[in-house]
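One structure below.
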Amino acid sequence: MENRKVRVRFAPSPTGPLHIGGVRTALYNYLFAKKHGGDFLLRIEDTDQDRFVPGAENYIIESLKWCGICPNEGVGFGDGHHAPYRQSERKPMYRAYAEQLIASGNAYYAFDTKEELDEMRKRMEVSGGTHAYNAITRQTMKNSLTLPEDDVKQRIEAGQAYVVRIKIPRNEEVRVLDLIRGWVIVQSSQMDDKVLFKSDGMPTYHLANIVDDYTMQITHVIRGEEWLPSAPLHVLLYRYLGWENVMPQFAHLPLLLKPDGNGKLSKRDGDRLGFPVFPLEWNDPATKEVSSGYRERGYFPDAFINMLALLGWHSSGNQELFTLEELVNEFSLERVSKAGAKFDPEKAKWFNQQYLRKRSDEELTELWMPELTEKGVKADQTYIRKAVHLIKEKGNFLHEFWSLGSYFFIAPEKYDADVMKKRWSEGSSKFIAELKGAFETMEGFSSATTEVQFKTTAEKMGIPPGQVMQLLRVCISGLGGGPALFGIIELLGKDEVVRRLEKMLDVK
Ligand code: GLU
């Protein structure tokens, strides 16, 4: 066991778009695999054909690619030796394991109809018992434990519908060692005889999951907390199939919680509070509803991944910004918390802002170019790069750049009304005219020299510079706030600045 190569899997069901909680599960699996020089697989768990959603599998693959956490084996990735990686394509292999469990007395056929099951549930409700198919109730039902052997045989030969159920022991302690939670102990009397296999040849999630993890040589199962209640059942299946010595280690990840209040983060929270809960935009094929994605909202994949990594895990220090490589080095399951992690949409924006600032002016210029070209901007690259340098300090997203900095390319048409109302006074025209004149006579035109010129002009007129600073900003940019004002002035250059001051005098 100790010497086995680490192999982990992300095993989503293609029932819709991948929730960000699912992306985090994939990320932790990825980090764990890379850290230990192991393999990271993508397995598609599509045994429940009723819940199959067209496009969901592709969405999962695209999401992992966008995040940069690609499996090295599995559906859509690599050429692993365990293909196929889609459970529906593995269908023929599961029956033998169901039969093995029956032969060893750990599973049985059950022929109960839906009506009979409903009736049993009603009966149990009346008597106050649990309404599960379990060690007690199975004795009163139509199954191979209660029916004579030849009757069972006849029913199967006649093609009667059946399911195979696990035979949970009546009173036994089932222990699961979870790498995050420690020992989890469950009494088997609290468990029910889950269906493992159906007569149409399809296994249920539980059987397929165990058989695949075993045959794919998975060493660690890292998955969401919602699967913790299934873990005791899985432990029993490993035992009954004789695979306990190679049973993977389990780690159940904490839930992602709503930003406000308690409970699991849902799509409704995103709609209500205006943030995406999906990595990519999703067009629901049935309802035609479109749900927004982090990619389309302008998030950088590395910022998104960094943000997700810290939802439920923390580093050894206070560091918050990590490259993927640093995350791989730092990651450990021991520092995954047991408690749920509250999702904070503002923090998500903060991460993007940090990554925006980290990007070079050259890279951002390149990314912004298509929009600038579309707007008809003809400025040269050096000028644009300098504008980007100033703008990037003020935004969270690239798509905000135009509204934050269009004045670098076109003189403002409108001036911030609130600032004008508050700051424009009788003497303002005089000050602007004076400043224009002073600027015109300057030799050089740097941020430092223009700032000095501005201050001396104001002081000469007996105006505290602080009182006219924002006014000057509005004259130049139209906006009440933005990057360092004299940096803007230097970049625009003397002629343009003088023109803009003149224009303001005309308008007023
Ligand atoms: N198919 C399950 C899901 O959709 C996988 C659970 C597991 O990882 O065992 O989440």
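In the structure tokens, the first chain shown is A, the next is B, and so on; residue numbers restart at 1 for each chain, and ligands run from 1 in the order shown.
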
Enumerate, as a list in words, the complete set of residues in segment 135-186 of chain A that a backbone-based DSSP assignment places in strand (DSSP E or B).
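Residues meeting the strand (DSSP E or B) criterion: Asn143, Val163, Val164, Arg165, Ile166, Glu173, Val174, Arg175, Val176, Leu177, Asp178, Gly182, Trp183, Val184, Ile185 and Val186 of chain A.
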
Could you write those residues out with N, CA, C and O atoms, as a PDB file, in the first residue's frame?
```
ATOM      1  N   ASN A 143     -37.366 -10.992  -1.523  1.00  0.00           N
ATOM      2  CA  ASN A 143     -35.971 -11.016  -1.959  1.00  0.00           C
ATOM      3  C   ASN A 143     -35.375 -12.409  -1.788  1.00  0.00           C
ATOM      4  O   ASN A 143     -36.036 -13.311  -1.253  1.00  0.00           O
ATOM      5  N   VAL A 163     -33.431  -5.838  -8.367  1.00  0.00           N
ATOM      6  CA  VAL A 163     -32.223  -5.068  -8.054  1.00  0.00           C
ATOM      7  C   VAL A 163     -31.364  -5.947  -7.163  1.00  0.00           C
ATOM      8  O   VAL A 163     -31.862  -6.883  -6.533  1.00  0.00           O
ATOM      9  N   VAL A 164     -30.079  -5.651  -7.117  1.00  0.00           N
ATOM     10  CA  VAL A 164     -29.201  -6.333  -6.164  1.00  0.00           C
ATOM     11  C   VAL A 164     -28.930  -5.337  -5.049  1.00  0.00           C
ATOM     12  O   VAL A 164     -28.544  -4.189  -5.309  1.00  0.00           O
ATOM     13  N   ARG A 165     -29.169  -5.795  -3.823  1.00  0.00           N
ATOM     14  CA  ARG A 165     -28.926  -4.924  -2.664  1.00  0.00           C
ATOM     15  C   ARG A 165     -27.791  -5.466  -1.818  1.00  0.00           C
ATOM     16  O   ARG A 165     -27.625  -6.698  -1.700  1.00  0.00           O
ATOM     17  N   ILE A 166     -27.062  -4.576  -1.192  1.00  0.00           N
ATOM     18  CA  ILE A 166     -26.026  -5.030  -0.251  1.00  0.00           C
ATOM     19  C   ILE A 166     -26.714  -5.510   1.027  1.00  0.00           C
ATOM     20  O   ILE A 166     -27.746  -4.963   1.419  1.00  0.00           O
ATOM     21  N   GLU A 173     -20.067  -2.245  14.113  1.00  0.00           N
ATOM     22  CA  GLU A 173     -19.525  -0.896  14.049  1.00  0.00           C
ATOM     23  C   GLU A 173     -18.726  -0.781  12.754  1.00  0.00           C
ATOM     24  O   GLU A 173     -17.867  -1.627  12.502  1.00  0.00           O
ATOM     25  N   VAL A 174     -19.015   0.230  11.943  1.00  0.00           N
ATOM     26  CA  VAL A 174     -18.234   0.405  10.718  1.00  0.00           C
ATOM     27  C   VAL A 174     -17.373   1.658  10.906  1.00  0.00           C
ATOM     28  O   VAL A 174     -17.881   2.731  11.233  1.00  0.00           O
ATOM     29  N   ARG A 175     -16.076   1.475  10.719  1.00  0.00           N
ATOM     30  CA  ARG A 175     -15.150   2.589  10.978  1.00  0.00           C
ATOM     31  C   ARG A 175     -14.520   3.062   9.674  1.00  0.00           C
ATOM     32  O   ARG A 175     -14.054   2.259   8.875  1.00  0.00           O
ATOM     33  N   VAL A 176     -14.505   4.361   9.487  1.00  0.00           N
ATOM     34  CA  VAL A 176     -13.879   4.948   8.309  1.00  0.00           C
ATOM     35  C   VAL A 176     -12.814   5.924   8.801  1.00  0.00           C
ATOM     36  O   VAL A 176     -13.116   6.804   9.614  1.00  0.00           O
ATOM     37  N   LEU A 177     -11.599   5.773   8.320  1.00  0.00           N
ATOM     38  CA  LEU A 177     -10.564   6.739   8.694  1.00  0.00           C
ATOM     39  C   LEU A 177     -10.520   7.826   7.625  1.00  0.00           C
ATOM     40  O   LEU A 177     -10.210   7.557   6.469  1.00  0.00           O
ATOM     41  N   ASP A 178     -10.871   9.037   8.025  1.00  0.00           N
ATOM     42  CA  ASP A 178     -10.862  10.148   7.082  1.00  0.00           C
ATOM     43  C   ASP A 178      -9.642  11.018   7.376  1.00  0.00           C
ATOM     44  O   ASP A 178      -9.386  11.366   8.526  1.00  0.00           O
ATOM     45  N   GLY A 182     -10.494  12.400  10.791  1.00  0.00           N
ATOM     46  CA  GLY A 182     -10.143  11.332  11.738  1.00  0.00           C
ATOM     47  C   GLY A 182     -11.107  10.170  11.612  1.00  0.00           C
ATOM     48  O   GLY A 182     -11.737   9.987  10.567  1.00  0.00           O
ATOM     49  N   TRP A 183     -11.286   9.415  12.697  1.00  0.00           N
ATOM     50  CA  TRP A 183     -12.171   8.250  12.625  1.00  0.00           C
ATOM     51  C   TRP A 183     -13.631   8.663  12.614  1.00  0.00           C
ATOM     52  O   TRP A 183     -14.061   9.460  13.437  1.00  0.00           O
ATOM     53  N   VAL A 184     -14.357   8.114  11.673  1.00  0.00           N
ATOM     54  CA  VAL A 184     -15.801   8.319  11.614  1.00  0.00           C
ATOM     55  C   VAL A 184     -16.416   6.950  11.872  1.00  0.00           C
ATOM     56  O   VAL A 184     -16.095   5.976  11.180  1.00  0.00           O
ATOM     57  N   ILE A 185     -17.231   6.867  12.903  1.00  0.00           N
ATOM     58  CA  ILE A 185     -17.766   5.553  13.294  1.00  0.00           C
ATOM     59  C   ILE A 185     -19.280   5.552  13.155  1.00  0.00           C
ATOM     60  O   ILE A 185     -19.962   6.468  13.624  1.00  0.00           O
ATOM     61  N   VAL A 186     -19.768   4.528  12.469  1.00  0.00           N
ATOM     62  CA  VAL A 186     -21.203   4.433  12.218  1.00  0.00           C
ATOM     63  C   VAL A 186     -21.672   3.039  12.622  1.00  0.00           C
ATOM     64  O   VAL A 186     -20.957   2.049  12.403  1.00  0.00           O
TER      65      VAL A 186
END
```

Give the residues close to ligand 1, within 6 Å, counting only C-alpha atoms and all ligand atoms; write them as a ChimeraX atom specification.
/A:11-13,45,223

Per DSSP on the backbone, filter segment 301-367 of chain A down to the residues in helix (DSSP H, G or I) and report them as a PyMOL selection string.
chain A and resi 301-309+324-330+333-335+345-358+361-367

So that I have them on file, write out the residues from the current selection with C-alpha atoms, as a short mmCIF file (atom, residue, chain, number, x, y, z; two decimals), in the first residue's frame.
```
data_model
loop_
_atom_site.label_atom_id
_atom_site.label_comp_id
_atom_site.auth_asym_id
_atom_site.auth_seq_id
_atom_site.Cartn_x
_atom_site.Cartn_y
_atom_site.Cartn_z
CA PRO A 301 -8.03 31.55 -14.35
CA ASP A 302 -5.04 31.81 -12.01
CA ALA A 303 -6.89 34.30 -9.79
CA PHE A 304 -9.94 32.04 -9.74
CA ILE A 305 -7.86 29.00 -8.81
CA ASN A 306 -5.97 30.89 -6.10
CA MET A 307 -9.26 32.06 -4.60
CA LEU A 308 -10.72 28.53 -4.65
CA ALA A 309 -7.59 26.98 -3.14
CA LEU A 324 -0.25 27.00 -9.14
CA GLU A 325 3.27 25.71 -8.64
CA GLU A 326 3.47 27.22 -5.18
CA LEU A 327 0.11 25.69 -4.33
CA VAL A 328 1.42 22.28 -5.38
CA ASN A 329 4.40 22.68 -3.06
CA GLU A 330 2.41 23.99 -0.12
CA LEU A 333 -4.65 17.53 3.31
CA GLU A 334 -3.74 18.13 6.97
CA ARG A 335 -4.41 21.81 6.48
CA PRO A 345 -17.66 37.35 -3.63
CA GLU A 346 -15.78 40.55 -2.73
CA LYS A 347 -12.68 38.54 -1.91
CA ALA A 348 -13.00 36.88 -5.31
CA LYS A 349 -12.80 40.33 -6.92
CA TRP A 350 -9.83 41.20 -4.73
CA PHE A 351 -7.97 38.16 -6.03
CA ASN A 352 -8.61 39.22 -9.59
CA GLN A 353 -7.39 42.72 -8.82
CA GLN A 354 -4.16 41.30 -7.40
CA TYR A 355 -3.61 39.19 -10.50
CA LEU A 356 -4.40 42.13 -12.75
CA ARG A 357 -1.68 44.15 -11.02
CA LYS A 358 0.72 41.26 -11.20
CA ASP A 361 1.88 46.24 -18.83
CA GLU A 362 2.90 44.49 -22.06
CA GLU A 363 0.61 41.52 -21.47
CA LEU A 364 -2.35 43.66 -20.47
CA THR A 365 -1.79 45.91 -23.48
CA GLU A 366 -1.95 42.88 -25.71
CA LEU A 367 -5.12 41.66 -24.02
#
```

Per residue of segment 76-141 of chain A within 8 Å of segment 187-203 of chain A, which atom pair is closest and at what distance in Å (one decimal), using only C-alpha atoms, listed by chain and increasing number, as JSON lines?
```
{"residue": "A:Lys91", "atom": "CA", "partner": "A:Met202", "partner_atom": "CA", "distance": 6.3}
{"residue": "A:Pro92", "atom": "CA", "partner": "A:Gly201", "partner_atom": "CA", "distance": 7.5}
{"residue": "A:Tyr94", "atom": "CA", "partner": "A:Pro203", "partner_atom": "CA", "distance": 6.4}
{"residue": "A:Arg95", "atom": "CA", "partner": "A:Gly201", "partner_atom": "CA", "distance": 6.7}
{"residue": "A:Ala98", "atom": "CA", "partner": "A:Phe197", "partner_atom": "CA", "distance": 6.7}
{"residue": "A:Ala132", "atom": "CA", "partner": "A:Asp192", "partner_atom": "CA", "distance": 6.0}
{"residue": "A:Tyr133", "atom": "CA", "partner": "A:Asp193", "partner_atom": "CA", "distance": 5.7}
{"residue": "A:Asn134", "atom": "CA", "partner": "A:Asp192", "partner_atom": "CA", "distance": 4.6}
{"residue": "A:Ala135", "atom": "CA", "partner": "A:Ser189", "partner_atom": "CA", "distance": 7.4}
```

Using only C-alpha atoms, which residues of segment 403-432 of chain A come within 12 Å of segment 371-379 of chain A, and what is the closest atom pair for each, with the distance in Å to one decimal? Give it as CSV, sorted by chain and residue number.
```
residue,atom,partner,partner_atom,distance
A:Ser403,CA,A:Glu371,CA,11.8
A:Gly405,CA,A:Leu372,CA,11.1
A:Ser406,CA,A:Leu372,CA,9.3
A:Tyr407,CA,A:Val377,CA,11.2
A:Phe408,CA,A:Ala379,CA,9.3
A:Phe409,CA,A:Val377,CA,6.7
A:Ile410,CA,A:Val377,CA,8.6
```

Include all heavy atoms and write out the residues we just selected as an mmCIF file, in the first residue's frame.
```cif
data_model
loop_
_atom_site.group_PDB
_atom_site.id
_atom_site.type_symbol
_atom_site.label_atom_id
_atom_site.label_comp_id
_atom_site.auth_asym_id
_atom_site.auth_seq_id
_atom_site.Cartn_x
_atom_site.Cartn_y
_atom_site.Cartn_z
ATOM 1 N N SER A 403 -13.881 52.071 -19.474
ATOM 2 C CA SER A 403 -14.615 53.085 -18.704
ATOM 3 C C SER A 403 -13.690 53.790 -17.715
ATOM 4 O O SER A 403 -13.919 54.935 -17.345
ATOM 5 C CB SER A 403 -15.828 52.475 -18.005
ATOM 6 O OG SER A 403 -15.395 51.476 -17.130
ATOM 7 N N GLY A 405 -10.454 54.435 -18.355
ATOM 8 C CA GLY A 405 -9.347 55.174 -18.957
ATOM 9 C C GLY A 405 -9.525 55.577 -20.407
ATOM 10 O O GLY A 405 -8.545 55.817 -21.108
ATOM 11 N N SER A 406 -10.789 55.702 -20.882
ATOM 12 C CA SER A 406 -10.980 56.097 -22.288
ATOM 13 C C SER A 406 -10.404 57.500 -22.528
ATOM 14 O O SER A 406 -10.036 57.850 -23.644
ATOM 15 C CB SER A 406 -12.467 56.058 -22.655
ATOM 16 O OG SER A 406 -13.175 56.988 -21.865
ATOM 17 N N TYR A 407 -10.316 58.312 -21.453
ATOM 18 C CA TYR A 407 -9.820 59.696 -21.613
ATOM 19 C C TYR A 407 -8.356 59.744 -22.030
ATOM 20 O O TYR A 407 -7.861 60.793 -22.425
ATOM 21 C CB TYR A 407 -10.024 60.495 -20.319
ATOM 22 C CG TYR A 407 -9.367 59.883 -19.116
ATOM 23 C CD1 TYR A 407 -8.005 60.083 -18.878
ATOM 24 C CD2 TYR A 407 -10.107 59.107 -18.228
ATOM 25 C CE1 TYR A 407 -7.394 59.508 -17.778
ATOM 26 C CE2 TYR A 407 -9.501 58.529 -17.126
ATOM 27 C CZ TYR A 407 -8.149 58.721 -16.899
ATOM 28 O OH TYR A 407 -7.543 58.148 -15.834
ATOM 29 N N PHE A 408 -7.662 58.630 -21.949
ATOM 30 C CA PHE A 408 -6.281 58.634 -22.452
ATOM 31 C C PHE A 408 -6.278 58.735 -23.980
ATOM 32 O O PHE A 408 -5.266 59.045 -24.586
ATOM 33 C CB PHE A 408 -5.531 57.365 -22.035
ATOM 34 C CG PHE A 408 -5.056 57.420 -20.606
ATOM 35 C CD1 PHE A 408 -5.670 56.655 -19.623
ATOM 36 C CD2 PHE A 408 -3.997 58.248 -20.239
ATOM 37 C CE1 PHE A 408 -5.223 56.705 -18.302
ATOM 38 C CE2 PHE A 408 -3.553 58.312 -18.922
ATOM 39 C CZ PHE A 408 -4.172 57.536 -17.951
ATOM 40 N N PHE A 409 -7.417 58.423 -24.579
ATOM 41 C CA PHE A 409 -7.481 58.361 -26.042
ATOM 42 C C PHE A 409 -8.443 59.373 -26.655
ATOM 43 O O PHE A 409 -8.280 59.771 -27.793
ATOM 44 C CB PHE A 409 -7.847 56.946 -26.486
ATOM 45 C CG PHE A 409 -6.984 55.918 -25.800
ATOM 46 C CD1 PHE A 409 -7.455 55.173 -24.729
ATOM 47 C CD2 PHE A 409 -5.655 55.754 -26.190
ATOM 48 C CE1 PHE A 409 -6.636 54.263 -24.071
ATOM 49 C CE2 PHE A 409 -4.834 54.854 -25.529
ATOM 50 C CZ PHE A 409 -5.320 54.105 -24.466
ATOM 51 N N ILE A 410 -9.489 59.730 -25.892
ATOM 52 C CA ILE A 410 -10.414 60.765 -26.383
ATOM 53 C C ILE A 410 -10.725 61.744 -25.252
ATOM 54 O O ILE A 410 -10.929 61.330 -24.113
ATOM 55 C CB ILE A 410 -11.750 60.180 -26.927
ATOM 56 C CG1 ILE A 410 -12.108 58.867 -26.226
ATOM 57 C CG2 ILE A 410 -11.757 60.033 -28.422
ATOM 58 C CD1 ILE A 410 -13.426 58.273 -26.681
#
```

Find the residues around Lys436 of chain A up to 12 Å (only C-alpha atoms counted), leave out those fewer than 6 positions away in its own chain, and share them as a VMD selection string.
chain A and resid 429 to 430 442 450 453 to 454 457 to 458 472 475 to 476 494 to 505

Could you dump the residues just selected with N, CA, C and O atoms as a short mmCIF file (atom, residue, chain, number, x, y, z; two decimals), in the first residue's frame?
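As a result, selection.cif now contains:
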```cif
data_model
loop_
_atom_site.label_atom_id
_atom_site.label_comp_id
_atom_site.auth_asym_id
_atom_site.auth_seq_id
_atom_site.Cartn_x
_atom_site.Cartn_y
_atom_site.Cartn_z
N SER A 429 -12.96 79.38 -13.17
CA SER A 429 -12.55 79.68 -14.55
C SER A 429 -11.22 80.41 -14.54
O SER A 429 -10.33 80.13 -15.35
N LYS A 430 -11.11 81.31 -13.58
CA LYS A 430 -9.89 82.10 -13.50
C LYS A 430 -8.70 81.20 -13.22
O LYS A 430 -7.63 81.35 -13.84
N MET A 442 5.64 76.13 -19.96
CA MET A 442 6.62 75.19 -19.40
C MET A 442 7.53 74.60 -20.48
O MET A 442 7.07 74.35 -21.59
N THR A 450 4.89 69.41 -13.50
CA THR A 450 3.52 69.93 -13.63
C THR A 450 2.87 70.03 -12.25
O THR A 450 2.08 70.94 -12.01
N GLN A 453 4.13 73.16 -10.74
CA GLN A 453 3.50 74.30 -11.42
C GLN A 453 2.06 74.50 -10.93
O GLN A 453 1.63 75.64 -10.68
N PHE A 454 1.36 73.42 -10.80
CA PHE A 454 -0.03 73.46 -10.33
C PHE A 454 -0.09 74.09 -8.94
O PHE A 454 -0.88 74.98 -8.66
N THR A 457 0.83 77.85 -8.89
CA THR A 457 -0.26 78.66 -9.48
C THR A 457 -1.39 78.84 -8.49
O THR A 457 -1.89 79.96 -8.29
N ALA A 458 -1.78 77.74 -7.85
CA ALA A 458 -2.87 77.82 -6.88
C ALA A 458 -2.48 78.74 -5.73
O ALA A 458 -3.25 79.64 -5.35
N LEU A 472 -9.31 69.92 -11.39
CA LEU A 472 -8.36 69.71 -12.48
C LEU A 472 -8.51 68.30 -13.05
O LEU A 472 -8.51 68.09 -14.26
N CYS A 475 -11.49 68.17 -15.29
CA CYS A 475 -11.21 68.86 -16.58
C CYS A 475 -10.43 67.95 -17.53
O CYS A 475 -10.66 67.93 -18.73
N ILE A 476 -9.49 67.22 -16.96
CA ILE A 476 -8.59 66.40 -17.77
C ILE A 476 -9.23 65.08 -18.18
O ILE A 476 -9.11 64.63 -19.32
N LYS A 494 1.68 68.13 -23.03
CA LYS A 494 1.32 69.53 -22.87
C LYS A 494 0.18 69.96 -23.80
O LYS A 494 -0.81 70.53 -23.35
N ASP A 495 0.32 69.69 -25.09
CA ASP A 495 -0.68 70.18 -26.04
C ASP A 495 -2.08 69.70 -25.69
O ASP A 495 -3.04 70.47 -25.70
N GLU A 496 -2.18 68.43 -25.40
CA GLU A 496 -3.50 67.84 -25.12
C GLU A 496 -4.07 68.40 -23.81
O GLU A 496 -5.25 68.72 -23.72
N VAL A 497 -3.21 68.54 -22.80
CA VAL A 497 -3.69 69.05 -21.51
C VAL A 497 -4.19 70.49 -21.69
O VAL A 497 -5.27 70.85 -21.21
N VAL A 498 -3.41 71.29 -22.40
CA VAL A 498 -3.82 72.67 -22.63
C VAL A 498 -5.16 72.71 -23.40
O VAL A 498 -6.08 73.46 -23.06
N ARG A 499 -5.27 71.86 -24.40
CA ARG A 499 -6.53 71.79 -25.17
C ARG A 499 -7.72 71.46 -24.26
O ARG A 499 -8.79 72.02 -24.38
N ARG A 500 -7.49 70.53 -23.35
CA ARG A 500 -8.60 70.11 -22.48
C ARG A 500 -8.99 71.22 -21.51
O ARG A 500 -10.16 71.38 -21.18
N LEU A 501 -8.00 71.96 -21.04
CA LEU A 501 -8.32 73.06 -20.13
C LEU A 501 -9.08 74.16 -20.90
O LEU A 501 -10.05 74.73 -20.40
N GLU A 502 -8.65 74.38 -22.12
CA GLU A 502 -9.33 75.35 -22.98
C GLU A 502 -10.79 74.95 -23.20
O GLU A 502 -11.70 75.75 -23.11
N LYS A 503 -10.95 73.68 -23.47
CA LYS A 503 -12.30 73.16 -23.75
C LYS A 503 -13.21 73.40 -22.54
O LYS A 503 -14.36 73.80 -22.68
N MET A 504 -12.66 73.17 -21.36
CA MET A 504 -13.44 73.39 -20.15
C MET A 504 -13.85 74.86 -20.03
O MET A 504 -14.98 75.17 -19.67
N LEU A 505 -12.94 75.73 -20.41
CA LEU A 505 -13.27 77.16 -20.33
C LEU A 505 -14.38 77.52 -21.31
O LEU A 505 -15.24 78.35 -21.04
#
```

Work out how far atom CA of Thr323 of chain A is from atom CA of Lys264 of chain A, in Å to one decimal.
27.6 Å

Taking into account only C-alpha atoms, which residue in the set A:Asp380, A:Asp79, A:Glu157, A:Glu225 is nearest to Ala341 of chain A?
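Nearest to Ala341 of chain A: A:Glu225.
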